[in-house]
$ cat start_35.txt   # compact mmCIF, C-alpha atoms
# COMPACT_ATOMS: atom_id res chain seq x y z
CA MET A 4 35.72 -77.52 -71.65
CA GLU A 5 32.31 -76.54 -72.91
CA PHE A 6 29.12 -78.56 -72.40
CA LEU A 7 26.87 -78.43 -75.45
CA GLN A 8 23.33 -79.66 -74.94
CA PRO A 9 21.24 -79.56 -78.11
CA ALA A 10 17.50 -80.14 -77.73
CA THR A 11 16.96 -81.29 -81.30
CA TRP A 12 18.79 -83.38 -83.89
CA ALA A 13 19.07 -80.39 -86.24
CA GLU A 14 20.71 -78.40 -83.47
CA ALA A 15 23.07 -81.29 -82.69
CA LEU A 16 24.20 -81.42 -86.34
CA GLN A 17 24.73 -77.66 -86.38
CA LEU A 18 26.88 -77.84 -83.24
CA LYS A 19 28.90 -80.75 -84.64
CA ALA A 20 29.48 -78.78 -87.85
CA VAL A 21 30.76 -75.75 -85.92
CA HIS A 22 32.75 -77.88 -83.42
CA PRO A 23 33.85 -81.02 -85.26
CA GLN A 24 36.20 -81.83 -82.38
CA ALA A 25 33.24 -82.12 -79.96
CA VAL A 26 32.95 -85.54 -78.30
CA PRO A 27 29.39 -86.87 -78.37
CA ILE A 28 28.09 -88.31 -75.11
CA GLN A 29 24.89 -90.31 -74.64
CA GLY A 30 24.90 -92.94 -71.87
CA GLY A 31 28.39 -91.92 -70.76
CA THR A 32 29.52 -95.49 -70.08
CA ASP A 33 32.65 -95.02 -72.23
CA VAL A 34 33.10 -91.25 -72.39
CA MET A 35 32.84 -90.64 -68.64
CA VAL A 36 35.50 -93.27 -67.90
CA GLU A 37 37.90 -91.33 -70.12
CA LEU A 38 37.07 -88.12 -68.26
CA ASN A 39 37.16 -89.63 -64.78
CA PHE A 40 40.59 -91.11 -65.43
CA ASP A 41 41.88 -87.93 -66.99
CA ARG A 42 42.73 -89.77 -70.21
CA HIS A 43 41.00 -87.28 -72.37
CA ARG A 44 40.15 -83.60 -72.03
CA PRO A 45 37.93 -82.76 -74.98
CA GLU A 46 37.30 -79.11 -75.72
CA PHE A 47 33.58 -79.77 -76.12
CA LEU A 48 31.19 -82.40 -74.83
CA LEU A 49 28.13 -82.77 -77.04
CA ASP A 50 25.37 -84.22 -74.88
CA LEU A 51 22.87 -86.06 -77.08
CA SER A 52 20.69 -87.28 -74.22
CA ARG A 53 18.11 -84.50 -74.79
CA VAL A 54 17.60 -85.34 -78.46
CA GLY A 55 14.37 -87.28 -78.10
CA GLU A 56 14.27 -88.88 -81.54
CA LEU A 57 17.56 -90.68 -80.91
CA ALA A 58 15.86 -92.64 -78.13
CA GLN A 59 13.10 -93.97 -80.41
CA TRP A 60 12.82 -97.14 -82.44
CA ALA A 61 10.17 -98.03 -84.98
CA PRO A 62 9.46 -100.52 -87.75
CA GLU A 63 9.93 -98.91 -91.16
CA ASN A 64 9.81 -100.46 -94.66
CA GLY A 65 10.57 -103.97 -93.47
CA HIS A 66 13.39 -102.99 -91.15
CA ILE A 67 13.70 -101.70 -87.62
CA ARG A 68 15.01 -98.18 -87.30
CA LEU A 69 16.87 -98.27 -84.00
CA GLY A 70 17.72 -94.77 -82.81
CA ALA A 71 21.34 -94.40 -81.73
CA GLY A 72 20.23 -93.50 -78.21
CA VAL A 73 18.09 -96.55 -77.47
CA THR A 74 19.56 -98.30 -74.44
CA TYR A 75 20.47 -101.98 -74.19
CA ALA A 76 17.88 -102.36 -71.44
CA ARG A 77 15.16 -101.20 -73.83
CA ILE A 78 16.39 -103.48 -76.60
CA LEU A 79 16.05 -106.35 -74.13
CA THR A 80 12.54 -105.48 -72.99
CA GLU A 81 11.13 -104.11 -76.25
CA LEU A 82 12.93 -105.88 -79.10
CA SER A 83 13.75 -109.41 -77.91
CA ASP A 84 11.09 -110.84 -80.22
CA ARG A 85 12.14 -109.00 -83.37
CA LEU A 86 15.90 -108.81 -82.87
CA PRO A 87 16.79 -111.79 -80.68
CA GLY A 88 20.47 -111.79 -81.71
CA LEU A 89 20.97 -108.20 -80.68
CA ALA A 90 18.92 -108.78 -77.53
CA MET A 91 21.14 -111.73 -76.55
CA ALA A 92 24.21 -109.56 -77.04
CA SER A 93 22.57 -106.71 -75.08
CA ARG A 94 21.98 -108.98 -72.13
CA THR A 95 25.72 -109.60 -71.83
CA VAL A 96 26.57 -105.89 -71.69
CA GLY A 97 27.96 -104.79 -68.32
CA SER A 98 25.34 -104.79 -65.58
CA PRO A 99 21.78 -103.47 -65.17
CA GLN A 100 23.19 -100.01 -64.44
CA ILE A 101 25.28 -100.08 -67.63
CA ARG A 102 22.49 -101.54 -69.78
CA ASN A 103 20.17 -98.77 -68.57
CA ARG A 104 22.53 -96.14 -69.98
CA GLY A 105 24.65 -97.73 -72.71
CA THR A 106 23.47 -97.61 -76.33
CA VAL A 107 24.19 -99.27 -79.65
CA GLY A 108 25.03 -95.82 -81.00
CA GLY A 109 27.68 -95.50 -78.32
CA ASN A 110 29.08 -98.94 -79.13
CA LEU A 111 29.40 -97.86 -82.78
CA GLY A 112 30.90 -94.50 -81.86
CA ALA A 113 33.54 -96.13 -79.66
CA ALA A 114 34.10 -98.82 -82.33
CA SER A 115 36.00 -101.04 -79.92
CA PRO A 116 36.66 -104.48 -81.38
CA ALA A 117 35.18 -105.81 -78.12
CA GLY A 118 31.84 -103.96 -78.34
CA ASP A 119 29.11 -106.50 -77.64
CA ALA A 120 26.59 -105.20 -80.18
CA HIS A 121 28.93 -105.52 -83.17
CA PRO A 122 28.76 -109.29 -83.84
CA ALA A 123 24.95 -109.18 -83.80
CA LEU A 124 24.83 -106.14 -86.10
CA LEU A 125 27.28 -107.78 -88.52
CA ALA A 126 25.35 -111.06 -88.59
CA ALA A 127 22.11 -109.17 -89.30
CA PHE A 128 23.70 -107.15 -92.16
CA ALA A 129 22.73 -103.89 -90.42
CA GLN A 130 23.21 -100.44 -91.89
CA VAL A 131 24.47 -97.48 -89.88
CA GLU A 132 22.75 -94.21 -90.66
CA VAL A 133 24.91 -91.15 -90.11
CA GLU A 134 24.20 -87.52 -90.79
CA SER A 135 25.85 -84.12 -90.96
CA VAL A 136 24.59 -80.73 -92.03
CA SER A 137 25.67 -81.64 -95.56
CA GLY A 138 23.66 -84.84 -95.76
CA LEU A 139 22.56 -88.28 -94.69
CA ARG A 140 24.23 -91.57 -95.62
CA GLN A 141 23.87 -95.24 -94.80
CA ILE A 142 26.94 -97.38 -94.30
CA PRO A 143 26.90 -101.20 -94.19
CA VAL A 144 28.02 -101.98 -90.66
CA ALA A 145 30.92 -104.16 -91.89
CA GLU A 146 32.34 -101.05 -93.59
CA PHE A 147 31.71 -98.83 -90.58
CA TYR A 148 34.62 -100.21 -88.54
CA THR A 149 37.85 -98.92 -90.04
CA GLY A 150 40.47 -99.71 -87.37
CA VAL A 151 40.98 -100.25 -83.67
CA LYS A 152 38.46 -97.83 -82.11
CA ARG A 153 38.10 -96.05 -85.43
CA ASN A 154 35.01 -95.74 -87.56
CA ALA A 155 33.88 -94.31 -90.87
CA LEU A 156 32.38 -91.11 -89.42
CA SER A 157 33.56 -87.80 -90.81
CA PRO A 158 34.39 -85.23 -88.13
CA ASP A 159 31.12 -83.37 -88.73
CA GLU A 160 28.92 -86.48 -88.70
CA LEU A 161 26.86 -88.05 -85.92
CA ILE A 162 25.39 -91.54 -85.72
CA LYS A 163 21.63 -91.25 -86.08
CA ALA A 164 20.29 -94.80 -86.19
CA VAL A 165 20.95 -98.41 -87.05
CA LEU A 166 18.70 -100.01 -89.64
CA ILE A 167 18.22 -103.71 -89.12
CA THR A 168 16.09 -106.01 -91.22
CA PRO A 169 15.16 -108.71 -88.70
CA PRO A 170 16.84 -111.91 -89.92
CA THR A 171 14.17 -114.41 -90.95
CA GLY A 172 15.94 -117.33 -89.28
CA PRO A 173 17.31 -118.11 -85.82
CA GLN A 174 20.08 -116.00 -84.31
CA GLN A 175 22.71 -116.69 -81.71
CA PHE A 176 25.30 -114.75 -79.76
CA CYS A 177 28.15 -116.20 -77.72
CA LYS A 178 30.70 -114.38 -75.61
CA ILE A 179 33.69 -115.59 -73.63
CA GLY A 180 34.55 -113.77 -70.45
CA THR A 181 35.64 -114.42 -66.90
CA ARG A 182 32.23 -113.64 -65.37
CA ASN A 183 28.62 -113.48 -66.52
CA ALA A 184 28.61 -109.71 -65.98
CA MET A 185 30.86 -106.66 -66.25
CA VAL A 186 33.06 -108.40 -68.75
CA ILE A 187 34.92 -107.10 -71.76
CA SER A 188 34.75 -110.08 -74.05
CA VAL A 189 37.80 -112.24 -74.66
CA ALA A 190 36.12 -113.31 -77.88
CA ALA A 191 32.56 -113.14 -79.15
CA PHE A 192 30.57 -114.55 -82.04
CA GLY A 193 27.24 -113.65 -83.59
CA LEU A 194 25.29 -115.77 -86.07
CA ALA A 195 22.09 -115.21 -88.02
CA LEU A 196 20.42 -117.49 -90.54
CA HIS A 197 18.64 -115.74 -93.40
CA PRO A 198 16.62 -118.57 -95.02
CA ASP A 199 14.62 -116.14 -97.17
CA ARG A 200 17.76 -115.31 -99.11
CA LYS A 201 19.59 -118.56 -98.37
CA ALA A 202 22.32 -116.59 -96.65
CA VAL A 203 24.27 -116.80 -93.41
CA GLY A 204 25.48 -113.80 -91.40
CA THR A 205 28.36 -113.89 -88.94
CA GLY A 206 30.15 -111.44 -86.69
CA ILE A 207 33.43 -111.85 -84.83
CA GLY A 208 34.23 -109.73 -81.79
CA SER A 209 37.49 -109.16 -79.87
CA ALA A 210 39.54 -111.27 -82.26
CA ALA A 211 40.72 -108.78 -84.89
CA PRO A 212 41.54 -105.06 -85.04
CA THR A 213 37.87 -104.46 -85.84
CA PRO A 214 34.68 -106.44 -85.49
CA ARG A 215 34.38 -108.39 -88.74
CA ARG A 216 32.38 -110.95 -90.64
CA ALA A 217 33.73 -114.41 -91.43
CA LEU A 218 32.94 -114.16 -95.13
CA GLU A 219 34.38 -117.51 -96.24
CA ALA A 220 32.50 -119.27 -93.47
CA GLU A 221 29.26 -117.53 -94.47
CA ARG A 222 29.68 -118.51 -98.13
CA PHE A 223 30.66 -122.08 -97.33
CA LEU A 224 27.71 -122.69 -95.01
CA ALA A 225 25.12 -121.03 -97.25
CA GLN A 226 26.36 -123.06 -100.22
CA SER A 227 26.50 -126.34 -98.27
CA LEU A 228 22.95 -125.85 -97.04
CA THR A 229 21.85 -125.11 -100.60
CA ASP A 230 23.74 -128.08 -102.09
CA ASP A 231 22.27 -130.46 -99.51
CA GLY A 232 18.76 -129.01 -99.90
CA LEU A 233 18.74 -128.28 -96.19
CA TRP A 234 17.22 -124.80 -96.40
CA GLU A 235 14.05 -126.49 -97.66
CA PHE A 236 13.81 -129.82 -95.89
CA ARG A 237 15.58 -128.75 -92.69
CA GLY A 238 17.27 -132.08 -92.06
CA ALA A 239 20.11 -132.79 -89.66
CA LEU A 240 23.23 -130.73 -90.21
CA PRO A 241 26.18 -132.92 -91.26
CA ASP A 242 28.93 -132.90 -88.65
CA ALA A 243 31.51 -132.15 -91.34
CA THR A 244 29.60 -128.99 -92.26
CA SER A 245 29.55 -127.55 -88.75
CA ARG A 246 33.22 -128.44 -88.25
CA ARG A 247 34.30 -126.83 -91.51
CA PHE A 248 32.21 -123.76 -90.67
CA ALA A 249 33.92 -123.50 -87.27
CA ASP A 250 37.38 -123.78 -88.88
CA LEU A 251 36.55 -121.06 -91.39
CA VAL A 252 35.28 -118.73 -88.65
CA ALA A 253 38.51 -119.25 -86.73
CA ASP A 254 40.51 -118.61 -89.93
CA ALA A 255 38.77 -115.26 -90.36
CA ALA A 256 40.10 -113.96 -87.03
CA SER A 257 43.42 -112.19 -86.57
CA PRO A 258 43.66 -111.76 -82.82
CA ILE A 259 46.46 -110.59 -80.58
CA ASP A 260 47.71 -111.68 -77.18
CA ASP A 261 46.63 -109.23 -74.50
CA VAL A 262 45.66 -109.07 -70.84
CA ARG A 263 42.31 -110.72 -71.49
CA GLY A 264 43.53 -113.71 -73.44
CA THR A 265 46.01 -115.14 -75.89
CA ALA A 266 45.55 -115.12 -79.64
CA ARG A 267 45.64 -118.91 -79.61
CA TYR A 268 42.86 -119.13 -77.06
CA ARG A 269 40.78 -116.61 -78.97
CA VAL A 270 41.03 -118.60 -82.20
CA HIS A 271 40.20 -121.82 -80.42
CA SER A 272 37.26 -120.35 -78.51
CA LEU A 273 35.89 -118.83 -81.71
CA SER A 274 35.80 -122.19 -83.43
CA VAL A 275 33.99 -123.69 -80.43
CA MET A 276 31.50 -120.80 -80.26
CA ALA A 277 30.90 -120.89 -84.01
CA ARG A 278 30.11 -124.59 -83.99
CA ARG A 279 27.86 -124.36 -80.95
CA ALA A 280 26.05 -121.28 -82.24
CA LEU A 281 25.43 -123.01 -85.54
CA ILE A 282 24.13 -126.19 -83.91
CA TRP A 283 21.83 -124.21 -81.60
CA ALA A 284 20.56 -122.05 -84.45
CA TRP A 285 20.12 -125.04 -86.75
CA ASN A 286 18.18 -126.97 -84.13
CA ASP A 287 15.91 -123.94 -83.69
CA PHE A 288 15.46 -123.75 -87.44
CA ARG A 289 14.45 -127.41 -87.62
CA ARG A 290 11.87 -126.91 -84.87
CA VAL A 291 10.11 -124.00 -86.57
CA MET B 4 28.51 -74.13 -65.09
CA ARG B 5 25.47 -74.30 -62.87
CA VAL B 6 23.65 -77.59 -62.34
CA THR B 7 20.17 -77.72 -60.85
CA CYS B 8 18.37 -80.97 -60.18
CA THR B 9 15.98 -82.59 -57.77
CA VAL B 10 17.64 -84.86 -55.23
CA ASN B 11 15.38 -87.02 -53.10
CA GLY B 12 12.46 -84.77 -53.84
CA GLU B 13 14.14 -81.43 -53.14
CA GLN B 14 15.63 -78.93 -55.54
CA HIS B 15 19.42 -78.56 -55.31
CA GLN B 16 21.84 -76.33 -57.12
CA ALA B 17 25.58 -76.39 -57.59
CA ASP B 18 27.69 -73.60 -59.08
CA ASP B 19 31.10 -73.65 -60.76
CA VAL B 20 30.66 -77.26 -61.78
CA TRP B 21 33.39 -78.35 -64.18
CA GLU B 22 31.84 -79.45 -67.49
CA GLY B 23 33.51 -82.86 -67.38
CA GLU B 24 32.49 -83.55 -63.81
CA SER B 25 30.41 -86.60 -62.86
CA LEU B 26 27.05 -86.48 -61.17
CA LEU B 27 28.64 -88.51 -58.38
CA TYR B 28 31.13 -85.75 -57.61
CA VAL B 29 28.38 -83.13 -57.67
CA LEU B 30 26.21 -85.17 -55.30
CA ARG B 31 28.99 -85.96 -52.85
CA GLU B 32 31.13 -82.84 -52.90
CA ARG B 33 28.76 -80.05 -53.88
CA MET B 34 25.27 -81.04 -52.76
CA GLY B 35 26.00 -82.85 -49.52
CA PHE B 36 24.90 -86.39 -50.39
CA PRO B 37 27.87 -88.59 -49.46
CA GLY B 38 25.78 -91.77 -49.35
CA SER B 39 26.69 -92.79 -52.89
CA LYS B 40 30.25 -94.02 -52.69
CA ASN B 41 33.14 -93.21 -54.99
CA ALA B 42 35.28 -96.24 -55.75
CA CYS B 43 36.11 -97.33 -59.28
CA GLU B 44 34.88 -94.34 -61.32
CA GLN B 45 34.30 -96.63 -64.29
CA GLY B 46 30.95 -98.27 -63.63
CA GLU B 47 32.53 -101.56 -62.52
CA CYS B 48 31.69 -101.59 -58.82
CA GLY B 49 28.20 -100.13 -58.50
CA SER B 50 29.01 -98.30 -55.24
CA CYS B 51 27.63 -95.06 -56.67
CA THR B 52 24.34 -96.57 -57.86
CA ILE B 53 21.47 -94.08 -57.88
CA TYR B 54 18.18 -93.58 -59.68
CA LEU B 55 18.21 -90.98 -62.45
CA ASP B 56 14.62 -90.18 -63.37
CA GLY B 57 13.68 -93.53 -61.86
CA VAL B 58 16.28 -95.48 -63.85
CA LEU B 59 19.10 -97.29 -62.06
CA ALA B 60 22.48 -95.84 -63.06
CA CYS B 61 26.05 -95.38 -61.90
CA ALA B 62 26.37 -91.73 -60.89
CA CYS B 63 30.06 -91.78 -61.84
CA LEU B 64 29.10 -92.32 -65.49
CA VAL B 65 26.54 -89.52 -65.70
CA ALA B 66 27.96 -86.16 -66.74
CA ALA B 67 26.82 -83.50 -64.30
CA GLY B 68 25.18 -81.50 -67.06
CA GLN B 69 23.14 -84.52 -68.10
CA ALA B 70 21.40 -84.37 -64.71
CA GLN B 71 20.31 -80.76 -65.26
CA GLY B 72 16.60 -80.56 -64.50
CA ARG B 73 16.36 -84.29 -63.79
CA GLY B 74 15.28 -86.17 -60.69
CA VAL B 75 17.92 -88.04 -58.70
CA ARG B 76 17.23 -90.47 -55.89
CA THR B 77 20.14 -91.60 -53.75
CA VAL B 78 20.42 -94.08 -50.90
CA GLU B 79 19.59 -91.18 -48.57
CA GLY B 80 16.18 -91.01 -50.23
CA LEU B 81 15.17 -94.67 -50.00
CA GLY B 82 13.62 -94.42 -46.55
CA SER B 83 11.42 -91.63 -45.29
CA GLY B 84 12.57 -89.65 -42.28
CA ASP B 85 13.79 -92.07 -39.63
CA GLU B 86 11.94 -94.94 -41.21
CA LEU B 87 14.10 -97.32 -43.19
CA ALA B 88 13.00 -98.76 -46.51
CA THR B 89 12.19 -102.47 -46.28
CA ILE B 90 15.37 -103.43 -48.07
CA GLN B 91 17.49 -101.36 -45.66
CA GLN B 92 15.80 -103.07 -42.73
CA THR B 93 16.36 -106.55 -44.13
CA PHE B 94 20.04 -105.77 -44.90
CA LEU B 95 20.40 -104.98 -41.19
CA GLU B 96 18.56 -108.08 -40.06
CA ALA B 97 20.37 -110.45 -42.39
CA GLY B 98 23.78 -109.06 -41.50
CA ALA B 99 24.36 -108.16 -45.12
CA VAL B 100 26.67 -105.29 -44.17
CA GLN B 101 30.31 -105.66 -43.23
CA CYS B 102 32.62 -102.77 -44.06
CA GLY B 103 29.62 -101.02 -45.57
CA PHE B 104 31.27 -99.37 -48.54
CA CYS B 105 29.30 -101.27 -51.17
CA THR B 106 26.08 -101.14 -49.15
CA PRO B 107 24.53 -97.90 -50.48
CA GLY B 108 24.88 -99.05 -54.07
CA LEU B 109 23.60 -102.53 -53.30
CA LEU B 110 20.62 -101.08 -51.45
CA VAL B 111 19.59 -98.93 -54.39
CA ALA B 112 20.11 -101.79 -56.87
CA ALA B 113 18.18 -104.24 -54.67
CA HIS B 114 15.46 -101.64 -54.15
CA ASP B 115 15.13 -101.28 -57.93
CA LEU B 116 14.91 -105.05 -58.37
CA LEU B 117 12.11 -105.38 -55.82
CA GLU B 118 10.24 -102.41 -57.31
CA ARG B 119 10.23 -104.13 -60.69
CA HIS B 120 9.99 -107.75 -59.60
CA ALA B 121 7.98 -108.93 -56.63
CA GLY B 122 9.30 -112.48 -56.28
CA PRO B 123 12.73 -112.75 -57.88
CA THR B 124 14.47 -116.12 -58.11
CA ASP B 125 18.04 -116.43 -56.85
CA ALA B 126 19.29 -116.29 -60.44
CA GLU B 127 17.34 -113.09 -61.01
CA ILE B 128 18.72 -111.54 -57.83
CA ARG B 129 22.26 -112.42 -58.87
CA GLU B 130 21.77 -110.98 -62.34
CA ALA B 131 20.21 -107.79 -60.93
CA LEU B 132 23.08 -107.28 -58.50
CA ALA B 133 25.85 -108.33 -60.90
CA GLY B 134 27.03 -104.74 -61.25
CA ASN B 135 27.64 -104.29 -57.52
CA LEU B 136 30.84 -105.64 -56.05
CA CYS B 137 31.27 -106.55 -52.38
CA ARG B 138 34.67 -107.69 -51.12
CA CYS B 139 33.57 -108.67 -47.60
CA THR B 140 30.37 -110.64 -47.42
CA GLY B 141 30.72 -113.28 -50.10
CA TYR B 142 27.23 -112.17 -51.15
CA GLU B 143 25.31 -114.88 -49.30
CA LYS B 144 23.99 -112.53 -46.61
CA ILE B 145 23.11 -110.03 -49.28
CA MET B 146 21.11 -112.71 -51.11
CA GLU B 147 19.37 -113.49 -47.86
CA ALA B 148 18.55 -109.83 -47.28
CA VAL B 149 17.01 -109.48 -50.73
CA ARG B 150 14.97 -112.68 -50.37
CA LEU B 151 13.77 -111.45 -46.99
CA GLY B 152 12.97 -108.04 -48.47
CA ALA B 153 10.91 -109.65 -51.21
CA THR B 154 8.98 -111.76 -48.71
CA ARG B 155 8.34 -108.83 -46.42
CA ARG B 156 7.11 -106.60 -49.23
CA ALA B 157 4.79 -109.38 -50.37
CA THR B 158 3.26 -109.81 -46.92
CA ALA B 159 3.00 -106.04 -46.40
CA SER B 160 1.04 -105.48 -49.58

$ encode --input "start_35.txt" --output "C-alpha cells"
Amino acid sequence: MEFLQPATWAEALQLKAVHPQAVPIQGGTDVMVELNFDRHRPEFLLDLSRVGELAQWAPENGHIRLGAGVTYARILTELSDRLPGLAMASRTVGSPQIRNRGTVGGNLGAASPAGDAHPALLAAFAQVEVESVSGLRQIPVAEFYTGVKRNALSPDELIKAVLITPPTGPQQFCKIGTRNAMVISVAAFGLALHPDRKAVGTGIGSAAPTPRRALEAERFLAQSLTDDGLWEFRGALPDATSRRFADLVADAASPIDDVRGTARYRVHSLSVMARRALIWAWNDFRRV
Amino acid sequence: MRVTCTVNGEQHQADDVWEGESLLYVLRERMGFPGSKNACEQGECGSCTIYLDGVLACACLVAAGQAQGRGVRTVEGLGSGDELATIQQTFLEAGAVQCGFCTPGLLVAAHDLLERHAGPTDAEIREALAGNLCRCTGYEKIMEAVRLGATRRATAS
C-alpha cells in the first residue's frame, strides 16, 4: 500500500488521475473500519486531510459552498442557522468523536443508503461538485446515488464540495434507531419547505437501495398547499393532506428486511416520520 | 513509512509503519503509549479516544500518516507528572472505574467536555459521552464523576 498525501487540490486531482484506484480518506470513519477489519486492501490511500480548501465553507451566489472536508461538528456549530436540516442530521451522526472527523464529502463518497446527511441534502435540492483533471461538474444530489454504496463519480474524480441553497422554509430531519447515538439508521426522513418556489423537498434514508426523494409526495403536497392557498395565508394543514403525504412518502420507499429492521417496519416508520416532520415544519412555518 | 508526531508535548517517531495502520496501533505498539485502549476498531466504543490537534477523536479511525506532524494528547498526557487532572481525580473519588478498560477514553472525552463547557447539564454530559461504552458501571458513577469534576473546576477557577 502507498500513502499519498497531497497538499493542494490540484495535486490531489493529479494523483487521482495517475492512480484512479486510490481510495480517498478524509475523516477515516468509514475507510479505517474497512482497513482495521481487513475487508479492503487498497493499493493507494489518498489522504485529503491536508487539502485546506476542502475544509472551508462560504456563502456564494445565494448558496452555501460546503467543502467536502467540513466535519459534522463544524456544520453543527457554524451552520445551524443557515442549514438547520443538515445540522439536525449532523447531530445524529455517531458520537462527538465521529462528528469531529466525519464529513458530508465522506458520506457522499461512501454513498451508503443509511448515510445521515443524504435525506437533508435531497430535501434541500443540493448539488454535488466533483472534479478531475479533465474538468469540473455539478450533479444534482438525487442523481449522485446510483446504487447501494455506489455513486456517479468517475474513477478519476474527487468530491470537491456540496452546493446548497438554504431552503427558505422550515426543515426537519427524523431518524429511527435503537439509541440516540452511534446508530446506523433503521429509516430516516428529511423534509424542507421551499415557500419561495412553492415547492417541497424530501429525502428518504435506509429504505431503498439508495437515498431517494419521494417525488409523488413532494408534488402532491406542493400542489395541495397551492390549491388551498396555504403557502400565502399559512392556515392549519388539513389532516387529510398530512396523511396522504405520509402515505406517498411510504410508497416511495423500497426497503429490505435486514439486521436493523424489517421492510414492513421501515415503511410504517417512514409514514409516521413523514407526517410528524410535516406537522412540525408546518407549525414552524405558521409561526414565522 | 516513517511517522513523526508530538505526543503529550514530546516528539515521537515510528519507523516501518504500515500505510494502512491506525494511529492507535502506532501509539500503543510503536510509541509506548498503551493508555488508549484497543477494543472495537470501528469507532463504536470510544476506548481509544484521544485529542488530535486538540480535537477529540477515536485513534483507531485516524490513519497513522494523517497524524504526521500533528499533536496528539492521550490519557497519559491529561495530568502533569504525578498530579492527576481534575477529571481523573473525580473518577477515583466517585468510584467511576470498575474494570477500567473504558476509563482512558471516558477520561479524555469528559476532559474535552469540561474544557468546552463549564457547567454541563446531565443531558449534555450524556450526549458528550455517548460515544464511550462502559459495560460495568451502568454510567451513574461516571455521571457523578463528571458533575463533581465540573463543580471542582468551577470552584478552582

$ interface_residues --input "start_35.txt" --of "chain B" --to "chain A" --cutoff "8 Å" --atoms "all atoms listed in the file" --output "PDB file with C-alpha atoms, in the frame of the given file"
ATOM      1  CA  TRP B  21      33.390 -78.350 -64.180  1.00  0.00           C
ATOM      2  CA  GLU B  22      31.840 -79.450 -67.490  1.00  0.00           C
ATOM      3  CA  GLY B  23      33.510 -82.860 -67.380  1.00  0.00           C
ATOM      4  CA  GLU B  24      32.490 -83.550 -63.810  1.00  0.00           C
ATOM      5  CA  SER B  25      30.410 -86.600 -62.860  1.00  0.00           C
ATOM      6  CA  GLU B  44      34.880 -94.340 -61.320  1.00  0.00           C
ATOM      7  CA  GLN B  45      34.300 -96.630 -64.290  1.00  0.00           C
ATOM      8  CA  GLY B  46      30.950 -98.270 -63.630  1.00  0.00           C
ATOM      9  CA  GLU B  47      32.530-101.560 -62.520  1.00  0.00           C
ATOM     10  CA  GLY B  49      28.200-100.130 -58.500  1.00  0.00           C
ATOM     11  CA  THR B  52      24.340 -96.570 -57.860  1.00  0.00           C
ATOM     12  CA  VAL B  58      16.280 -95.480 -63.850  1.00  0.00           C
ATOM     13  CA  LEU B  59      19.100 -97.290 -62.060  1.00  0.00           C
ATOM     14  CA  ALA B  60      22.480 -95.840 -63.060  1.00  0.00           C
ATOM     15  CA  CYS B  61      26.050 -95.380 -61.900  1.00  0.00           C
ATOM     16  CA  CYS B  63      30.060 -91.780 -61.840  1.00  0.00           C
ATOM     17  CA  LEU B  64      29.100 -92.320 -65.490  1.00  0.00           C
ATOM     18  CA  VAL B  65      26.540 -89.520 -65.700  1.00  0.00           C
ATOM     19  CA  ALA B  66      27.960 -86.160 -66.740  1.00  0.00           C
ATOM     20  CA  GLY B  68      25.180 -81.500 -67.060  1.00  0.00           C
ATOM     21  CA  GLN B  69      23.140 -84.520 -68.100  1.00  0.00           C
ATOM     22  CA  GLU B 130      21.770-110.980 -62.340  1.00  0.00           C
ATOM     23  CA  ALA B 131      20.210-107.790 -60.930  1.00  0.00           C
ATOM     24  CA  LEU B 132      23.080-107.280 -58.500  1.00  0.00           C
ATOM     25  CA  ALA B 133      25.850-108.330 -60.900  1.00  0.00           C
ATOM     26  CA  GLY B 134      27.030-104.740 -61.250  1.00  0.00           C
TER      27      GLY B 134
END

$ residues_around --input "start_35.txt" --residues "Val73 in chain A" --least-positions-apart "5" --cutoff "9 Å" --atoms "all atoms listed in the file" --output "PyMOL selection string"
chain A and resi 57-60+78+104-108

$ write_last_selection --input "start_35.txt" --atoms "C-alpha atoms" --output "compact mmCIF listing (two decimals), keeping the file's coordinate frame"
# COMPACT_ATOMS: atom_id res chain seq x y z
CA LEU A 57 17.56 -90.68 -80.91
CA ALA A 58 15.86 -92.64 -78.13
CA GLN A 59 13.10 -93.97 -80.41
CA TRP A 60 12.82 -97.14 -82.44
CA ILE A 78 16.39 -103.48 -76.60
CA ARG A 104 22.53 -96.14 -69.98
CA GLY A 105 24.65 -97.73 -72.71
CA THR A 106 23.47 -97.61 -76.33
CA VAL A 107 24.19 -99.27 -79.65
CA GLY A 108 25.03 -95.82 -81.00

$ residues_around --input "start_35.txt" --residues "Ala99 in chain B" --least-positions-apart "6" --cutoff "9 Å" --atoms "all atoms listed in the file" --output "list in words"
Thr93, Thr106, Thr140, Tyr142, Glu143, Lys144, Ile145, Met146, Glu147 and Ala148 of chain B

$ closest_residue --input "start_35.txt" --among "B:Ile128, B:Cys105, B:Cys8, B:Val75" --to "Asn41 in chain B" --atoms "all atoms listed in the file"
B:Cys105

$ residues_around --input "start_35.txt" --residues "range 216-219 of chain A" --least-positions-apart "2" --cutoff "9 Å" --atoms "only C-alpha atoms" --output "mmCIF file with C-alpha atoms, in the coordinates of the input"
data_model
loop_
_atom_site.group_PDB
_atom_site.id
_atom_site.type_symbol
_atom_site.label_atom_id
_atom_site.label_comp_id
_atom_site.auth_asym_id
_atom_site.auth_seq_id
_atom_site.Cartn_x
_atom_site.Cartn_y
_atom_site.Cartn_z
ATOM 1 C CA PRO A 122 28.760 -109.290 -83.840
ATOM 2 C CA LEU A 125 27.280 -107.780 -88.520
ATOM 3 C CA ALA A 126 25.350 -111.060 -88.590
ATOM 4 C CA ALA A 145 30.920 -104.160 -91.890
ATOM 5 C CA GLY A 204 25.480 -113.800 -91.400
ATOM 6 C CA THR A 205 28.360 -113.890 -88.940
ATOM 7 C CA GLY A 206 30.150 -111.440 -86.690
ATOM 8 C CA ILE A 207 33.430 -111.850 -84.830
ATOM 9 C CA PRO A 214 34.680 -106.440 -85.490
ATOM 10 C CA GLU A 221 29.260 -117.530 -94.470
ATOM 11 C CA ARG A 222 29.680 -118.510 -98.130
ATOM 12 C CA PHE A 223 30.660 -122.080 -97.330
ATOM 13 C CA LEU A 224 27.710 -122.690 -95.010
ATOM 14 C CA PHE A 248 32.210 -123.760 -90.670
ATOM 15 C CA LEU A 251 36.550 -121.060 -91.390
ATOM 16 C CA VAL A 252 35.280 -118.730 -88.650
ATOM 17 C CA ALA A 253 38.510 -119.250 -86.730
ATOM 18 C CA ASP A 254 40.510 -118.610 -89.930
ATOM 19 C CA ALA A 255 38.770 -115.260 -90.360
ATOM 20 C CA ALA A 256 40.100 -113.960 -87.030
#
